[in-house]
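Structure file start-v6.cif with mmCIF, C-alpha atoms:
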data_work
#
loop_
_atom_site.label_atom_id
_atom_site.label_comp_id
_atom_site.auth_asym_id
_atom_site.auth_seq_id
_atom_site.Cartn_x
_atom_site.Cartn_y
_atom_site.Cartn_z
CA MET A 287 -10.60 -31.65 -28.27
CA ASP A 288 -7.52 -33.20 -26.74
CA VAL A 289 -7.85 -33.52 -22.95
CA LYS A 290 -4.78 -34.38 -20.91
CA LYS A 291 -4.32 -35.24 -17.28
CA VAL A 292 -2.60 -32.55 -15.23
CA HIS A 293 0.36 -33.63 -13.10
CA PHE A 294 1.17 -31.45 -10.10
CA PRO A 295 4.53 -31.63 -8.35
CA GLU A 296 4.63 -33.21 -4.92
CA ILE A 297 4.07 -30.74 -2.08
CA SER A 298 6.75 -30.84 0.53
CA THR A 299 6.12 -30.11 4.20
CA GLU A 300 9.64 -28.74 4.34
CA ALA A 301 9.69 -24.92 4.65
CA LYS A 302 11.34 -23.08 1.78
CA GLY A 303 12.27 -19.44 1.43
CA ALA A 304 12.89 -16.79 4.02
CA HIS A 305 11.35 -17.05 7.47
CA LEU A 306 9.60 -13.96 8.83
CA GLY A 307 10.90 -13.49 12.31
CA GLU A 308 9.36 -11.47 15.12
CA LYS A 309 11.89 -8.67 14.56
CA THR A 310 10.90 -8.40 10.88
CA ILE A 311 7.19 -8.30 11.64
CA SER A 312 7.59 -5.87 14.54
CA GLU A 313 9.09 -3.24 12.19
CA ILE A 314 6.03 -3.06 9.91
CA PRO A 315 4.28 0.31 10.37
CA VAL A 316 0.54 0.21 11.09
CA GLU A 317 -2.02 2.99 11.43
CA VAL A 318 -3.38 3.55 14.94
CA VAL A 319 -6.74 5.32 15.36
CA ALA A 320 -8.00 6.91 18.57
CA GLU A 321 -11.79 7.00 18.52
CA LEU A 322 -13.42 9.58 20.77
CA GLY A 323 -16.97 8.56 19.88
CA ARG A 324 -19.49 8.10 17.08
CA THR A 325 -22.77 9.50 15.85
CA LYS A 326 -25.03 9.29 12.82
CA LEU A 327 -25.91 12.38 10.83
CA SER A 328 -28.13 12.84 7.82
CA LEU A 329 -26.64 14.34 4.68
CA ARG A 330 -28.66 17.50 5.41
CA GLU A 331 -27.08 17.78 8.86
CA ILE A 332 -23.60 17.34 7.36
CA LEU A 333 -24.27 19.98 4.70
CA ASP A 334 -25.48 22.37 7.42
CA LEU A 335 -22.24 22.07 9.44
CA GLN A 336 -20.31 25.27 9.85
CA GLU A 337 -17.61 26.69 12.06
CA GLY A 338 -18.86 26.55 15.64
CA SER A 339 -21.27 23.64 15.03
CA ILE A 340 -21.36 20.97 17.72
CA ILE A 341 -21.74 17.26 17.02
CA GLU A 342 -22.96 15.18 19.96
CA LEU A 343 -21.17 11.83 20.28
CA ASP A 344 -22.32 8.55 21.81
CA ARG A 345 -19.92 8.74 24.77
CA LEU A 346 -19.96 10.63 28.01
CA ALA A 347 -17.24 13.11 28.93
CA GLY A 348 -14.50 11.26 30.81
CA GLU A 349 -15.17 7.88 29.19
CA PRO A 350 -12.05 6.20 27.77
CA LEU A 351 -11.11 6.49 24.09
CA ASP A 352 -10.89 3.35 21.94
CA ILE A 353 -7.50 2.72 20.33
CA LYS A 354 -7.84 0.66 17.17
CA VAL A 355 -5.38 -0.96 14.79
CA GLY A 356 -6.80 -2.23 11.51
CA GLY A 357 -10.30 -1.54 12.83
CA GLN A 358 -9.77 -3.85 15.80
CA LEU A 359 -9.91 -2.57 19.38
CA VAL A 360 -6.49 -3.07 20.99
CA ALA A 361 -6.58 -0.70 23.97
CA GLN A 362 -8.39 2.11 25.75
CA GLY A 363 -7.01 5.32 27.14
CA GLU A 364 -7.51 8.90 28.21
CA VAL A 365 -6.53 12.14 26.51
CA VAL A 366 -3.48 13.96 27.88
CA ALA A 367 -1.72 17.16 26.80
CA ILE A 368 1.97 16.88 25.91
CA ASP A 369 3.39 20.37 25.34
CA ASP A 370 1.28 21.67 22.41
CA SER A 371 0.06 18.24 21.28
CA TYR A 372 -2.50 15.69 22.38
CA GLY A 373 -1.54 12.21 23.51
CA ILE A 374 -3.23 9.16 24.99
CA ARG A 375 -2.41 7.51 28.29
CA ILE A 376 -3.21 3.80 27.97
CA THR A 377 -5.57 2.64 30.71
CA GLY A 378 -6.32 -0.87 29.43
CA VAL A 379 -5.01 -3.28 26.81
CA ASN A 380 -7.32 -5.70 24.94
CA ILE A 381 -4.78 -7.76 22.98
CA LYS A 382 -5.45 -11.47 23.35
#
Starting from the coordinates I provided, produce the structure as structure tokens.
Amino acid sequence: MDVKKVHFPEISTEAKGAHLGEKTISEIPVEVVAELGRTKLSLREILDLQEGSIIELDRLAGEPLDIKVGGQLVAQGEVVAIDDSYGIRITGVNIK
């Protein structure tokens, strides 16, 4: 077996290639999730769901919704009606 030493090129600290600016990054679409609450159900309970069923969540009525991006909490808000759609009024921002 012929074993040879590997020679790697020198690594430069000088930046090469295109630079991602704030404008470029700010145009990337991300999915935003508004979480009203959570609960745990057994598979039996899920299979028994039907129209009119009620699922109790872990939050009280009037508590703020969590707004998450990539699974991370970024803000909280309250539900508002905008014409025939729902919206969220931001009441607090958690971005650090």
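Considering the residues A:Ile341, A:Leu359, A:Val379, A:Met287 and counting all atoms listed in the file, Thr325 (chain A) has its shortest atom-to-atom contact with A:Ile341.
Note that CA of Ile374 (chain A) and CA of Ser339 (chain A) are 25.2 Å apart.
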Do you know which residues the PyMOL selection byres ((chain A and resi 349) around 12) returns on this file, as a list in words?
Glu321, Leu322, Gly323, Leu343, Asp344, Arg345, Leu346, Ala347, Gly348, Pro350, Leu351, Asp352, Gln362, Gly363, Glu364, Val365 and Thr377 of chain A
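Coordinates place CA of Asp369 (chain A) at a distance of 20.7 Å from CA of Val319 (chain A).
Here CA of Ile376 (chain A) is placed at a distance of 27.0 Å from CA of Ile340 (chain A).
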Take the PyMOL selection byres ((chain A and resi 382) around 12), run it mentally on this structure, and tell me the resulting residues as an mmCIF file with C-alpha atoms, in the coordinates of the input.
data_model
loop_
_atom_site.group_PDB
_atom_site.id
_atom_site.type_symbol
_atom_site.label_atom_id
_atom_site.label_comp_id
_atom_site.auth_asym_id
_atom_site.auth_seq_id
_atom_site.Cartn_x
_atom_site.Cartn_y
_atom_site.Cartn_z
ATOM 1 C CA GLN A 358 -9.770 -3.850 15.800
ATOM 2 C CA LEU A 359 -9.910 -2.570 19.380
ATOM 3 C CA VAL A 360 -6.490 -3.070 20.990
ATOM 4 C CA ALA A 361 -6.580 -0.700 23.970
ATOM 5 C CA VAL A 379 -5.010 -3.280 26.810
ATOM 6 C CA ASN A 380 -7.320 -5.700 24.940
ATOM 7 C CA ILE A 381 -4.780 -7.760 22.980
#
Please give the centre and size of the box around region 334-344 of chain A (axis-aligned, containing every atom listed in the file, 6 Å added per side), with values in Å to one decimal and written as lines of an AutoDock Vina configuration file.
center_x = -21.5
center_y = 17.6
center_z = 14.6
size_x = 19.9
size_y = 30.1
size_z = 26.4
Counting all atoms listed in the file, which of A:Ala367, A:Gly378, A:Ile297, A:Val355 gets nearest to Pro315 (chain A)?
A:Val355
With distances taken over only C-alpha atoms, which of A:Lys302, A:Glu337, A:Ile353, A:Arg324 is nearest to Gly373 (chain A)?
A:Ile353
Between A:Lys309, A:Gly338, A:Ala320, A:Ser298, which has the minimum distance to Lys354 (chain A) (counting only C-alpha atoms)?
A:Ala320
May I ask you to restore N, CA and C atoms in region 320-349 of chain A and write the result as a tab-separated table (two decimals), keeping the file's coordinate frame?
chain	number	residue	atom	x	y	z
A	320	ALA	N	-7.39	6.66	17.26
A	320	ALA	CA	-8.00	6.91	18.57
A	320	ALA	C	-9.41	7.42	18.33
A	321	GLU	N	-10.39	6.67	18.79
A	321	GLU	CA	-11.79	7.00	18.52
A	321	GLU	C	-12.42	7.60	19.77
A	322	LEU	N	-12.80	8.86	19.67
A	322	LEU	CA	-13.42	9.58	20.77
A	322	LEU	C	-14.89	9.19	20.94
A	323	GLY	N	-15.56	8.94	19.85
A	323	GLY	CA	-16.97	8.56	19.88
A	323	GLY	C	-17.54	8.54	18.48
A	324	ARG	N	-18.82	8.20	18.38
A	324	ARG	CA	-19.49	8.10	17.08
A	324	ARG	C	-20.86	8.73	17.16
A	325	THR	N	-21.39	9.04	15.98
A	325	THR	CA	-22.77	9.50	15.85
A	325	THR	C	-23.22	9.26	14.42
A	326	LYS	N	-24.49	9.37	14.18
A	326	LYS	CA	-25.03	9.29	12.82
A	326	LYS	C	-25.66	10.63	12.49
A	327	LEU	N	-25.34	11.13	11.30
A	327	LEU	CA	-25.91	12.38	10.83
A	327	LEU	C	-26.52	12.15	9.45
A	328	SER	N	-27.56	12.88	9.17
A	328	SER	CA	-28.13	12.84	7.82
A	328	SER	C	-27.25	13.70	6.91
A	329	LEU	N	-27.39	13.51	5.62
A	329	LEU	CA	-26.64	14.34	4.68
A	329	LEU	C	-26.99	15.81	4.87
A	330	ARG	N	-28.24	16.11	5.17
A	330	ARG	CA	-28.66	17.50	5.41
A	330	ARG	C	-27.90	18.08	6.59
A	331	GLU	N	-27.79	17.31	7.68
A	331	GLU	CA	-27.08	17.78	8.86
A	331	GLU	C	-25.60	18.02	8.56
A	332	ILE	N	-25.01	17.16	7.74
A	332	ILE	CA	-23.60	17.34	7.36
A	332	ILE	C	-23.44	18.59	6.50
A	333	LEU	N	-24.34	18.80	5.55
A	333	LEU	CA	-24.27	19.98	4.70
A	333	LEU	C	-24.49	21.27	5.48
A	334	ASP	N	-25.21	21.19	6.60
A	334	ASP	CA	-25.48	22.37	7.42
A	334	ASP	C	-24.35	22.68	8.41
A	335	LEU	N	-23.34	21.82	8.50
A	335	LEU	CA	-22.24	22.07	9.44
A	335	LEU	C	-21.49	23.34	9.05
A	336	GLN	N	-21.11	24.08	10.07
A	336	GLN	CA	-20.31	25.27	9.85
A	336	GLN	C	-19.41	25.47	11.06
A	337	GLU	N	-18.52	26.42	10.96
A	337	GLU	CA	-17.61	26.69	12.06
A	337	GLU	C	-18.43	27.02	13.30
A	338	GLY	N	-18.12	26.34	14.40
A	338	GLY	CA	-18.86	26.55	15.64
A	338	GLY	C	-19.95	25.52	15.87
A	339	SER	N	-20.27	24.70	14.85
A	339	SER	CA	-21.27	23.64	15.03
A	339	SER	C	-20.77	22.63	16.05
A	340	ILE	N	-21.70	22.00	16.73
A	340	ILE	CA	-21.36	20.97	17.72
A	340	ILE	C	-22.02	19.67	17.30
A	341	ILE	N	-21.24	18.60	17.34
A	341	ILE	CA	-21.74	17.26	17.02
A	341	ILE	C	-21.71	16.46	18.32
A	342	GLU	N	-22.88	15.97	18.73
A	342	GLU	CA	-22.96	15.18	19.96
A	342	GLU	C	-22.55	13.74	19.65
A	343	LEU	N	-21.66	13.20	20.46
A	343	LEU	CA	-21.17	11.83	20.28
A	343	LEU	C	-21.86	10.88	21.24
A	344	ASP	N	-21.65	9.59	21.02
A	344	ASP	CA	-22.32	8.55	21.81
A	344	ASP	C	-21.60	8.20	23.11
A	345	ARG	N	-20.64	9.01	23.52
A	345	ARG	CA	-19.92	8.74	24.77
A	345	ARG	C	-20.05	9.91	25.72
A	346	LEU	N	-19.92	9.59	26.99
A	346	LEU	CA	-19.96	10.63	28.01
A	346	LEU	C	-18.57	11.22	28.19
A	347	ALA	N	-18.53	12.48	28.62
A	347	ALA	CA	-17.24	13.11	28.93
A	347	ALA	C	-16.55	12.28	30.01
A	348	GLY	N	-15.26	12.04	29.83
A	348	GLY	CA	-14.50	11.26	30.81
A	348	GLY	C	-14.42	9.78	30.50
A	349	GLU	N	-15.26	9.29	29.58
A	349	GLU	CA	-15.17	7.88	29.19
A	349	GLU	C	-13.88	7.66	28.42
